[in-house]
Every structure is written in structure tokens, then in C-alpha cells.
>>> print(open('run34.txt').read())   # compact mmCIF, N, CA and C atoms
# COMPACT_ATOMS: atom_id res chain seq x y z
N MET A 23 17.17 -71.48 30.01
CA MET A 23 16.17 -71.82 29.02
C MET A 23 15.09 -72.67 29.71
N THR A 24 13.86 -72.32 29.45
CA THR A 24 12.76 -73.09 30.05
C THR A 24 12.59 -74.40 29.29
N GLN A 25 11.84 -75.30 29.88
CA GLN A 25 11.57 -76.59 29.23
C GLN A 25 10.82 -76.38 27.93
N ASP A 26 9.87 -75.44 27.92
CA ASP A 26 9.11 -75.14 26.70
C ASP A 26 10.03 -74.60 25.61
N GLU A 27 10.92 -73.69 25.96
CA GLU A 27 11.88 -73.15 24.98
C GLU A 27 12.80 -74.24 24.45
N ALA A 28 13.25 -75.13 25.33
CA ALA A 28 14.11 -76.23 24.92
C ALA A 28 13.38 -77.16 23.96
N SER A 29 12.11 -77.41 24.21
CA SER A 29 11.31 -78.26 23.33
C SER A 29 11.12 -77.62 21.96
N GLN A 30 10.85 -76.31 21.96
CA GLN A 30 10.70 -75.59 20.69
C GLN A 30 12.00 -75.61 19.90
N PHE A 31 13.13 -75.41 20.60
CA PHE A 31 14.43 -75.43 19.95
C PHE A 31 14.70 -76.81 19.36
N GLN A 32 14.42 -77.85 20.10
CA GLN A 32 14.63 -79.22 19.62
C GLN A 32 13.77 -79.50 18.40
N ALA A 33 12.54 -79.01 18.41
CA ALA A 33 11.65 -79.20 17.26
C ALA A 33 12.23 -78.52 16.02
N LEU A 34 12.76 -77.30 16.18
CA LEU A 34 13.39 -76.61 15.05
C LEU A 34 14.63 -77.37 14.56
N CYS A 35 15.42 -77.88 15.49
CA CYS A 35 16.60 -78.67 15.12
C CYS A 35 16.20 -79.91 14.32
N ASN A 36 15.14 -80.57 14.75
CA ASN A 36 14.68 -81.76 14.05
C ASN A 36 14.20 -81.44 12.64
N ARG A 37 13.49 -80.32 12.49
CA ARG A 37 13.03 -79.91 11.16
C ARG A 37 14.21 -79.59 10.26
N ARG A 38 15.22 -78.91 10.79
CA ARG A 38 16.40 -78.57 9.99
C ARG A 38 17.17 -79.83 9.63
N ARG A 39 17.33 -80.75 10.59
CA ARG A 39 18.02 -82.00 10.33
C ARG A 39 17.31 -82.80 9.22
N ALA A 40 16.00 -82.65 9.12
CA ALA A 40 15.22 -83.33 8.09
C ALA A 40 15.34 -82.64 6.73
N GLY A 41 16.07 -81.53 6.68
CA GLY A 41 16.31 -80.85 5.41
C GLY A 41 15.45 -79.63 5.13
N GLU A 42 14.63 -79.23 6.07
CA GLU A 42 13.79 -78.06 5.87
C GLU A 42 14.67 -76.81 5.83
N PRO A 43 14.47 -75.93 4.83
CA PRO A 43 15.28 -74.72 4.71
C PRO A 43 15.13 -73.79 5.93
N VAL A 44 16.21 -73.12 6.26
CA VAL A 44 16.22 -72.19 7.39
C VAL A 44 15.16 -71.10 7.22
N ALA A 45 14.95 -70.64 5.99
CA ALA A 45 13.96 -69.59 5.74
C ALA A 45 12.56 -70.03 6.17
N TYR A 46 12.25 -71.30 6.01
CA TYR A 46 10.95 -71.80 6.47
C TYR A 46 10.91 -71.87 7.99
N LEU A 47 12.03 -72.15 8.60
CA LEU A 47 12.07 -72.22 10.07
C LEU A 47 11.92 -70.84 10.69
N THR A 48 12.57 -69.84 10.09
CA THR A 48 12.50 -68.49 10.63
C THR A 48 11.26 -67.74 10.17
N GLY A 49 10.72 -68.13 9.01
CA GLY A 49 9.53 -67.48 8.47
C GLY A 49 9.82 -66.20 7.72
N SER A 50 11.12 -65.93 7.44
CA SER A 50 11.45 -64.71 6.70
C SER A 50 12.77 -64.88 5.95
N ARG A 51 12.95 -64.00 4.94
CA ARG A 51 14.19 -63.98 4.17
C ARG A 51 14.35 -62.59 3.57
N GLU A 52 15.54 -62.05 3.65
CA GLU A 52 15.81 -60.73 3.09
C GLU A 52 16.06 -60.88 1.59
N PHE A 53 15.50 -59.96 0.81
CA PHE A 53 15.72 -59.93 -0.64
C PHE A 53 15.70 -58.49 -1.10
N TRP A 54 16.80 -58.07 -1.70
CA TRP A 54 16.90 -56.73 -2.29
C TRP A 54 16.55 -55.65 -1.28
N GLY A 55 16.96 -55.84 -0.04
CA GLY A 55 16.74 -54.87 1.01
C GLY A 55 15.38 -54.95 1.68
N LEU A 56 14.56 -55.89 1.27
CA LEU A 56 13.23 -56.06 1.86
C LEU A 56 13.19 -57.35 2.67
N MET A 57 12.55 -57.33 3.81
CA MET A 57 12.35 -58.54 4.58
C MET A 57 11.02 -59.13 4.15
N LEU A 58 11.06 -60.34 3.60
CA LEU A 58 9.87 -60.99 3.07
C LEU A 58 9.44 -62.14 3.98
N SER A 59 8.15 -62.33 4.09
CA SER A 59 7.62 -63.49 4.81
C SER A 59 7.75 -64.71 3.92
N VAL A 60 8.16 -65.82 4.50
CA VAL A 60 8.39 -67.05 3.73
C VAL A 60 7.67 -68.20 4.43
N THR A 61 6.92 -68.95 3.65
CA THR A 61 6.28 -70.18 4.11
C THR A 61 6.54 -71.26 3.07
N PRO A 62 6.22 -72.50 3.36
CA PRO A 62 6.39 -73.54 2.35
C PRO A 62 5.53 -73.32 1.10
N ASP A 63 4.60 -72.35 1.15
CA ASP A 63 3.75 -72.05 0.00
C ASP A 63 4.40 -71.11 -1.00
N VAL A 64 5.59 -70.58 -0.69
CA VAL A 64 6.26 -69.64 -1.59
C VAL A 64 7.68 -70.11 -1.88
N LEU A 65 8.23 -69.61 -2.98
CA LEU A 65 9.62 -69.90 -3.29
C LEU A 65 10.52 -69.01 -2.44
N ILE A 66 11.63 -69.56 -2.01
CA ILE A 66 12.58 -68.81 -1.20
C ILE A 66 13.45 -67.95 -2.12
N PRO A 67 13.54 -66.64 -1.87
CA PRO A 67 14.41 -65.79 -2.69
C PRO A 67 15.86 -66.28 -2.59
N ARG A 68 16.54 -66.30 -3.74
CA ARG A 68 17.92 -66.79 -3.78
C ARG A 68 18.87 -65.66 -4.15
N PRO A 69 20.12 -65.75 -3.70
CA PRO A 69 21.11 -64.72 -4.04
C PRO A 69 21.29 -64.57 -5.56
N GLU A 70 21.17 -65.66 -6.30
CA GLU A 70 21.33 -65.59 -7.76
C GLU A 70 20.26 -64.71 -8.39
N THR A 71 19.09 -64.68 -7.77
CA THR A 71 18.01 -63.84 -8.28
C THR A 71 18.34 -62.36 -8.09
N GLU A 72 19.00 -62.01 -6.98
CA GLU A 72 19.42 -60.63 -6.79
C GLU A 72 20.41 -60.22 -7.89
N THR A 73 21.31 -61.12 -8.25
CA THR A 73 22.26 -60.84 -9.32
C THR A 73 21.51 -60.60 -10.63
N LEU A 74 20.51 -61.41 -10.90
CA LEU A 74 19.70 -61.25 -12.12
C LEU A 74 18.96 -59.91 -12.11
N VAL A 75 18.41 -59.52 -10.96
CA VAL A 75 17.72 -58.23 -10.84
C VAL A 75 18.70 -57.08 -11.11
N GLU A 76 19.89 -57.15 -10.52
CA GLU A 76 20.89 -56.11 -10.75
C GLU A 76 21.23 -55.99 -12.23
N PHE A 77 21.40 -57.13 -12.90
CA PHE A 77 21.72 -57.12 -14.33
C PHE A 77 20.58 -56.51 -15.13
N ALA A 78 19.35 -56.93 -14.85
CA ALA A 78 18.19 -56.40 -15.58
C ALA A 78 18.05 -54.90 -15.38
N LEU A 79 18.22 -54.44 -14.14
CA LEU A 79 18.11 -53.00 -13.88
C LEU A 79 19.21 -52.20 -14.57
N SER A 80 20.37 -52.80 -14.73
CA SER A 80 21.47 -52.10 -15.40
C SER A 80 21.19 -51.89 -16.88
N LYS A 81 20.26 -52.65 -17.45
CA LYS A 81 19.92 -52.55 -18.87
C LYS A 81 18.79 -51.55 -19.14
N LEU A 82 18.17 -51.04 -18.07
CA LEU A 82 17.09 -50.08 -18.26
C LEU A 82 17.66 -48.70 -18.60
N PRO A 83 16.91 -47.94 -19.39
CA PRO A 83 17.37 -46.59 -19.70
C PRO A 83 17.42 -45.73 -18.44
N GLY A 84 18.46 -44.95 -18.30
CA GLY A 84 18.65 -44.15 -17.09
C GLY A 84 18.12 -42.74 -17.21
N ASP A 85 17.63 -42.33 -18.38
CA ASP A 85 17.24 -40.95 -18.58
C ASP A 85 15.77 -40.67 -18.28
N ARG A 86 14.99 -41.68 -17.90
CA ARG A 86 13.59 -41.45 -17.59
C ARG A 86 13.14 -42.45 -16.52
N ALA A 87 12.05 -42.11 -15.87
CA ALA A 87 11.53 -42.99 -14.81
C ALA A 87 10.95 -44.25 -15.47
N VAL A 88 11.34 -45.39 -14.96
CA VAL A 88 10.87 -46.67 -15.47
C VAL A 88 10.32 -47.48 -14.32
N ARG A 89 9.21 -48.13 -14.55
CA ARG A 89 8.64 -49.02 -13.55
C ARG A 89 8.78 -50.45 -14.05
N VAL A 90 9.13 -51.34 -13.13
CA VAL A 90 9.33 -52.75 -13.48
C VAL A 90 8.44 -53.59 -12.61
N LEU A 91 7.80 -54.58 -13.20
CA LEU A 91 6.96 -55.51 -12.47
C LEU A 91 7.43 -56.92 -12.75
N ASP A 92 7.68 -57.67 -11.72
CA ASP A 92 8.10 -59.07 -11.85
C ASP A 92 6.95 -59.94 -11.43
N LEU A 93 6.45 -60.74 -12.34
CA LEU A 93 5.32 -61.63 -12.02
C LEU A 93 5.80 -63.06 -11.96
>>> encode(input="run34.txt", output="C-alpha cells")
Amino acid sequence: MTQDEASQFQALCNRRRAGEPVAYLTGSREFWGLMLSVTPDVLIPRPETETLVEFALSKLPGDRAVRVLDL
């Protein structure tokens, strides 16, 4: 590992030790099969939200095409 890489790693460790979420450190988070970009300006997708999406989709009628928009 180069000195620059070691410094970058230490900086990430310090941010994590300070409580910053891993998703902000990596800049991405998987949700519902999609890789999403994550910054401190957005909410981090949570596993509980995937459960809610699955439940909501299970309540949609299955006999016709339905489009869903989450705002």
C-alpha cells in the first residue's frame, strides 16, 4: 500500500469512527436490485423499505400492467 493509499484509508476510518454511515463512505447503496449513488444530501435506502415495497407490490392487481411512482 502506498503512503497516499494509507492516508486515504485512515481518513475513511476516521470518518467511520465518527459515525458516518458506510454508504456515504462508499458513495453507493444497493436497493431493490439497483445500485444507487448516495451522498449526505440523500436518504440512505434501508432494508425495511424493501420490505415495504414488496408488501405494496403484492397488493397491486396482477391482471393488468400497473405503473407505480414513489415520490
>>> residues_around(input="run34.txt", residues="segment 62-64 of chain A", least_positions_apart="5", cutoff="12 Å", atoms="only C-alpha atoms", output="JSON list (two decimals) with N, CA and C atoms, in the frame of the given file")
[["chain", "number", "residue", "atom", "x", "y", "z"],
["A", 42, "GLU", "N", 14.63, -79.23, 6.07],
["A", 42, "GLU", "CA", 13.79, -78.06, 5.87],
["A", 42, "GLU", "C", 14.67, -76.81, 5.83],
["A", 43, "PRO", "N", 14.47, -75.93, 4.83],
["A", 43, "PRO", "CA", 15.28, -74.72, 4.71],
["A", 43, "PRO", "C", 15.13, -73.79, 5.93],
["A", 44, "VAL", "N", 16.21, -73.12, 6.26],
["A", 44, "VAL", "CA", 16.22, -72.19, 7.39],
["A", 44, "VAL", "C", 15.16, -71.10, 7.22],
["A", 45, "ALA", "N", 14.95, -70.64, 5.99],
["A", 45, "ALA", "CA", 13.96, -69.59, 5.74],
["A", 45, "ALA", "C", 12.56, -70.03, 6.17],
["A", 46, "TYR", "N", 12.25, -71.30, 6.01],
["A", 46, "TYR", "CA", 10.95, -71.80, 6.47],
["A", 46, "TYR", "C", 10.91, -71.87, 7.99],
["A", 47, "LEU", "N", 12.03, -72.15, 8.60],
["A", 47, "LEU", "CA", 12.07, -72.22, 10.07],
["A", 47, "LEU", "C", 11.92, -70.84, 10.69],
["A", 48, "THR", "N", 12.57, -69.84, 10.09],
["A", 48, "THR", "CA", 12.50, -68.49, 10.63],
["A", 48, "THR", "C", 11.26, -67.74, 10.17],
["A", 49, "GLY", "N", 10.72, -68.13, 9.01],
["A", 49, "GLY", "CA", 9.53, -67.48, 8.47],
["A", 49, "GLY", "C", 9.82, -66.20, 7.72],
["A", 50, "SER", "N", 11.12, -65.93, 7.44],
["A", 50, "SER", "CA", 11.45, -64.71, 6.70],
["A", 50, "SER", "C", 12.77, -64.88, 5.95],
["A", 51, "ARG", "N", 12.95, -64.00, 4.94],
["A", 51, "ARG", "CA", 14.19, -63.98, 4.17],
["A", 51, "ARG", "C", 14.35, -62.59, 3.57]]
>>> select_by_dssp(input="run34.txt", residues="chain A", states="helix (DSSP H, G or I)", output="VMD selection string")
chain A and resid 25 to 39 44 to 48 69 to 80
>>> write_last_selection(input="run34.txt", atoms="N, CA and C atoms", output="JSON list (two decimals), in the coordinates of the input")
[["chain", "number", "residue", "atom", "x", "y", "z"],
["A", 25, "GLN", "N", 11.84, -75.30, 29.88],
["A", 25, "GLN", "CA", 11.57, -76.59, 29.23],
["A", 25, "GLN", "C", 10.82, -76.38, 27.93],
["A", 26, "ASP", "N", 9.87, -75.44, 27.92],
["A", 26, "ASP", "CA", 9.11, -75.14, 26.70],
["A", 26, "ASP", "C", 10.03, -74.60, 25.61],
["A", 27, "GLU", "N", 10.92, -73.69, 25.96],
["A", 27, "GLU", "CA", 11.88, -73.15, 24.98],
["A", 27, "GLU", "C", 12.80, -74.24, 24.45],
["A", 28, "ALA", "N", 13.25, -75.13, 25.33],
["A", 28, "ALA", "CA", 14.11, -76.23, 24.92],
["A", 28, "ALA", "C", 13.38, -77.16, 23.96],
["A", 29, "SER", "N", 12.11, -77.41, 24.21],
["A", 29, "SER", "CA", 11.31, -78.26, 23.33],
["A", 29, "SER", "C", 11.12, -77.62, 21.96],
["A", 30, "GLN", "N", 10.85, -76.31, 21.96],
["A", 30, "GLN", "CA", 10.70, -75.59, 20.69],
["A", 30, "GLN", "C", 12.00, -75.61, 19.90],
["A", 31, "PHE", "N", 13.13, -75.41, 20.60],
["A", 31, "PHE", "CA", 14.43, -75.43, 19.95],
["A", 31, "PHE", "C", 14.70, -76.81, 19.36],
["A", 32, "GLN", "N", 14.42, -77.85, 20.10],
["A", 32, "GLN", "CA", 14.63, -79.22, 19.62],
["A", 32, "GLN", "C", 13.77, -79.50, 18.40],
["A", 33, "ALA", "N", 12.54, -79.01, 18.41],
["A", 33, "ALA", "CA", 11.65, -79.20, 17.26],
["A", 33, "ALA", "C", 12.23, -78.52, 16.02],
["A", 34, "LEU", "N", 12.76, -77.30, 16.18],
["A", 34, "LEU", "CA", 13.39, -76.61, 15.05],
["A", 34, "LEU", "C", 14.63, -77.37, 14.56],
["A", 35, "CYS", "N", 15.42, -77.88, 15.49],
["A", 35, "CYS", "CA", 16.60, -78.67, 15.12],
["A", 35, "CYS", "C", 16.20, -79.91, 14.32],
["A", 36, "ASN", "N", 15.14, -80.57, 14.75],
["A", 36, "ASN", "CA", 14.68, -81.76, 14.05],
["A", 36, "ASN", "C", 14.20, -81.44, 12.64],
["A", 37, "ARG", "N", 13.49, -80.32, 12.49],
["A", 37, "ARG", "CA", 13.03, -79.91, 11.16],
["A", 37, "ARG", "C", 14.21, -79.59, 10.26],
["A", 38, "ARG", "N", 15.22, -78.91, 10.79],
["A", 38, "ARG", "CA", 16.40, -78.57, 9.99],
["A", 38, "ARG", "C", 17.17, -79.83, 9.63],
["A", 39, "ARG", "N", 17.33, -80.75, 10.59],
["A", 39, "ARG", "CA", 18.02, -82.00, 10.33],
["A", 39, "ARG", "C", 17.31, -82.80, 9.22],
["A", 44, "VAL", "N", 16.21, -73.12, 6.26],
["A", 44, "VAL", "CA", 16.22, -72.19, 7.39],
["A", 44, "VAL", "C", 15.16, -71.10, 7.22],
["A", 45, "ALA", "N", 14.95, -70.64, 5.99],
["A", 45, "ALA", "CA", 13.96, -69.59, 5.74],
["A", 45, "ALA", "C", 12.56, -70.03, 6.17],
["A", 46, "TYR", "N", 12.25, -71.30, 6.01],
["A", 46, "TYR", "CA", 10.95, -71.80, 6.47],
["A", 46, "TYR", "C", 10.91, -71.87, 7.99],
["A", 47, "LEU", "N", 12.03, -72.15, 8.60],
["A", 47, "LEU", "CA", 12.07, -72.22, 10.07],
["A", 47, "LEU", "C", 11.92, -70.84, 10.69],
["A", 48, "THR", "N", 12.57, -69.84, 10.09],
["A", 48, "THR", "CA", 12.50, -68.49, 10.63],
["A", 48, "THR", "C", 11.26, -67.74, 10.17],
["A", 69, "PRO", "N", 20.12, -65.75, -3.70],
["A", 69, "PRO", "CA", 21.11, -64.72, -4.04],
["A", 69, "PRO", "C", 21.29, -64.57, -5.56],
["A", 70, "GLU", "N", 21.17, -65.66, -6.30],
["A", 70, "GLU", "CA", 21.33, -65.59, -7.76],
["A", 70, "GLU", "C", 20.26, -64.71, -8.39],
["A", 71, "THR", "N", 19.09, -64.68, -7.77],
["A", 71, "THR", "CA", 18.01, -63.84, -8.28],
["A", 71, "THR", "C", 18.34, -62.36, -8.09],
["A", 72, "GLU", "N", 19.00, -62.01, -6.98],
["A", 72, "GLU", "CA", 19.42, -60.63, -6.79],
["A", 72, "GLU", "C", 20.41, -60.22, -7.89],
["A", 73, "THR", "N", 21.31, -61.12, -8.25],
["A", 73, "THR", "CA", 22.26, -60.84, -9.32],
["A", 73, "THR", "C", 21.51, -60.60, -10.63],
["A", 74, "LEU", "N", 20.51, -61.41, -10.90],
["A", 74, "LEU", "CA", 19.70, -61.25, -12.12],
["A", 74, "LEU", "C", 18.96, -59.91, -12.11],
["A", 75, "VAL", "N", 18.41, -59.52, -10.96],
["A", 75, "VAL", "CA", 17.72, -58.23, -10.84],
["A", 75, "VAL", "C", 18.70, -57.08, -11.11],
["A", 76, "GLU", "N", 19.89, -57.15, -10.52],
["A", 76, "GLU", "CA", 20.89, -56.11, -10.75],
["A", 76, "GLU", "C", 21.23, -55.99, -12.23],
["A", 77, "PHE", "N", 21.40, -57.13, -12.90],
["A", 77, "PHE", "CA", 21.72, -57.12, -14.33],
["A", 77, "PHE", "C", 20.58, -56.51, -15.13],
["A", 78, "ALA", "N", 19.35, -56.93, -14.85],
["A", 78, "ALA", "CA", 18.19, -56.40, -15.58],
["A", 78, "ALA", "C", 18.05, -54.90, -15.38],
["A", 79, "LEU", "N", 18.22, -54.44, -14.14],
["A", 79, "LEU", "CA", 18.11, -53.00, -13.88],
["A", 79, "LEU", "C", 19.21, -52.20, -14.57],
["A", 80, "SER", "N", 20.37, -52.80, -14.73],
["A", 80, "SER", "CA", 21.47, -52.10, -15.40],
["A", 80, "SER", "C", 21.19, -51.89, -16.88]]
>>> atom_distance(input="run34.txt", atom1="atom CA of Gln32 of chain A", atom2="atom CA of Leu58 of chain A")
25.1 Å
>>> axis_aligned_box(input="run34.txt", around="segment 49-55 of chain A", padding_each_side="8 Å", output="JSON")
{"center_x": 13.2, "center_y": -61.5, "center_z": 3.4, "size_x": 23.4, "size_y": 29.3, "size_z": 27.3}
>>> select_by_dssp(input="run34.txt", residues="chain A", states="strand (DSSP E or B)", output="list of chain:residue names")
A:Ser50, A:Arg51, A:Glu52, A:Phe53, A:Leu56, A:Met57, A:Leu58, A:Ser59
>>> write_last_selection(input="run34.txt", atoms="N, CA and C atoms", output="JSON list (two decimals), in the coordinates of the input")
[["chain", "number", "residue", "atom", "x", "y", "z"],
["A", 50, "SER", "N", 11.12, -65.93, 7.44],
["A", 50, "SER", "CA", 11.45, -64.71, 6.70],
["A", 50, "SER", "C", 12.77, -64.88, 5.95],
["A", 51, "ARG", "N", 12.95, -64.00, 4.94],
["A", 51, "ARG", "CA", 14.19, -63.98, 4.17],
["A", 51, "ARG", "C", 14.35, -62.59, 3.57],
["A", 52, "GLU", "N", 15.54, -62.05, 3.65],
["A", 52, "GLU", "CA", 15.81, -60.73, 3.09],
["A", 52, "GLU", "C", 16.06, -60.88, 1.59],
["A", 53, "PHE", "N", 15.50, -59.96, 0.81],
["A", 53, "PHE", "CA", 15.72, -59.93, -0.64],
["A", 53, "PHE", "C", 15.70, -58.49, -1.10],
["A", 56, "LEU", "N", 14.56, -55.89, 1.27],
["A", 56, "LEU", "CA", 13.23, -56.06, 1.86],
["A", 56, "LEU", "C", 13.19, -57.35, 2.67],
["A", 57, "MET", "N", 12.55, -57.33, 3.81],
["A", 57, "MET", "CA", 12.35, -58.54, 4.58],
["A", 57, "MET", "C", 11.02, -59.13, 4.15],
["A", 58, "LEU", "N", 11.06, -60.34, 3.60],
["A", 58, "LEU", "CA", 9.87, -60.99, 3.07],
["A", 58, "LEU", "C", 9.44, -62.14, 3.98],
["A", 59, "SER", "N", 8.15, -62.33, 4.09],
["A", 59, "SER", "CA", 7.62, -63.49, 4.81],
["A", 59, "SER", "C", 7.75, -64.71, 3.92]]
>>> atom_distance(input="run34.txt", atom1="atom C of Pro69 of chain A", atom2="atom N of Gly41 of chain A")
21.6 Å
>>> closest_atom_pairs(input="run34.txt", of="segment 26-76 of chain A", to="segment 80-90 of chain A", cutoff="8 Å", atoms="only N, CA and C atoms", output="tab-separated table")
residue	atom	partner	partner_atom	distance
A:Leu74	C	A:Ser80	N	7.7
A:Val75	C	A:Ser80	N	5.8
A:Glu76	C	A:Ser80	N	4.1
>>> atom_distance(input="run34.txt", atom1="atom N of Thr71 of chain A", atom2="atom C of Ala33 of chain A")
28.4 Å
>>> decode(input="run34.txt", residues="segment 50-92 of chain A", atoms="C-alpha atoms", output="PDB file, in the first residue's frame")
ATOM      1  CA  SER A  50     -23.365   3.868  -3.199  1.00  0.00           C
ATOM      2  CA  ARG A  51     -26.022   1.524  -1.829  1.00  0.00           C
ATOM      3  CA  GLU A  52     -27.964  -1.299  -3.456  1.00  0.00           C
ATOM      4  CA  PHE A  53     -31.765  -1.061  -3.312  1.00  0.00           C
ATOM      5  CA  TRP A  54     -34.237  -3.388  -4.990  1.00  0.00           C
ATOM      6  CA  GLY A  55     -31.562  -4.645  -7.375  1.00  0.00           C
ATOM      7  CA  LEU A  56     -30.384  -1.172  -8.365  1.00  0.00           C
ATOM      8  CA  MET A  57     -27.083   0.395  -7.373  1.00  0.00           C
ATOM      9  CA  LEU A  58     -27.847   3.947  -6.257  1.00  0.00           C
ATOM     10  CA  SER A  59     -25.468   6.849  -5.725  1.00  0.00           C
ATOM     11  CA  VAL A  60     -25.551   8.080  -2.138  1.00  0.00           C
ATOM     12  CA  THR A  61     -24.316  11.366  -0.698  1.00  0.00           C
ATOM     13  CA  PRO A  62     -25.097  13.169   2.552  1.00  0.00           C
ATOM     14  CA  ASP A  63     -27.734  15.056   0.507  1.00  0.00           C
ATOM     15  CA  VAL A  64     -29.948  11.955   0.154  1.00  0.00           C
ATOM     16  CA  LEU A  65     -31.552   9.438   2.460  1.00  0.00           C
ATOM     17  CA  ILE A  66     -29.857   6.051   2.589  1.00  0.00           C
ATOM     18  CA  PRO A  67     -32.130   3.222   1.356  1.00  0.00           C
ATOM     19  CA  ARG A  68     -32.949   0.855   4.218  1.00  0.00           C
ATOM     20  CA  PRO A  69     -33.796  -2.862   4.184  1.00  0.00           C
ATOM     21  CA  GLU A  70     -37.140  -2.086   5.863  1.00  0.00           C
ATOM     22  CA  THR A  71     -38.085  -0.003   2.841  1.00  0.00           C
ATOM     23  CA  GLU A  72     -37.539  -3.005   0.556  1.00  0.00           C
ATOM     24  CA  THR A  73     -39.943  -4.975   2.759  1.00  0.00           C
ATOM     25  CA  LEU A  74     -42.494  -2.165   2.432  1.00  0.00           C
ATOM     26  CA  VAL A  75     -42.066  -2.113  -1.368  1.00  0.00           C
ATOM     27  CA  GLU A  76     -42.593  -5.890  -1.543  1.00  0.00           C
ATOM     28  CA  PHE A  77     -45.763  -5.581   0.538  1.00  0.00           C
ATOM     29  CA  ALA A  78     -47.134  -2.716  -1.567  1.00  0.00           C
ATOM     30  CA  LEU A  79     -46.410  -4.553  -4.816  1.00  0.00           C
ATOM     31  CA  SER A  80     -48.159  -7.663  -3.508  1.00  0.00           C
ATOM     32  CA  LYS A  81     -51.358  -5.594  -3.133  1.00  0.00           C
ATOM     33  CA  LEU A  82     -51.412  -4.453  -6.764  1.00  0.00           C
ATOM     34  CA  PRO A  83     -53.753  -6.188  -9.185  1.00  0.00           C
ATOM     35  CA  GLY A  84     -51.909  -8.853 -11.154  1.00  0.00           C
ATOM     36  CA  ASP A  85     -54.205  -8.989 -14.190  1.00  0.00           C
ATOM     37  CA  ARG A  86     -53.073  -5.746 -15.859  1.00  0.00           C
ATOM     38  CA  ALA A  87     -49.966  -3.628 -16.264  1.00  0.00           C
ATOM     39  CA  VAL A  88     -49.593  -1.171 -13.397  1.00  0.00           C
ATOM     40  CA  ARG A  89     -47.079   1.617 -13.017  1.00  0.00           C
ATOM     41  CA  VAL A  90     -46.013   2.823  -9.586  1.00  0.00           C
ATOM     42  CA  LEU A  91     -44.258   6.064  -8.732  1.00  0.00           C
ATOM     43  CA  ASP A  92     -42.714   6.724  -5.342  1.00  0.00           C
TER      44      ASP A  92
END
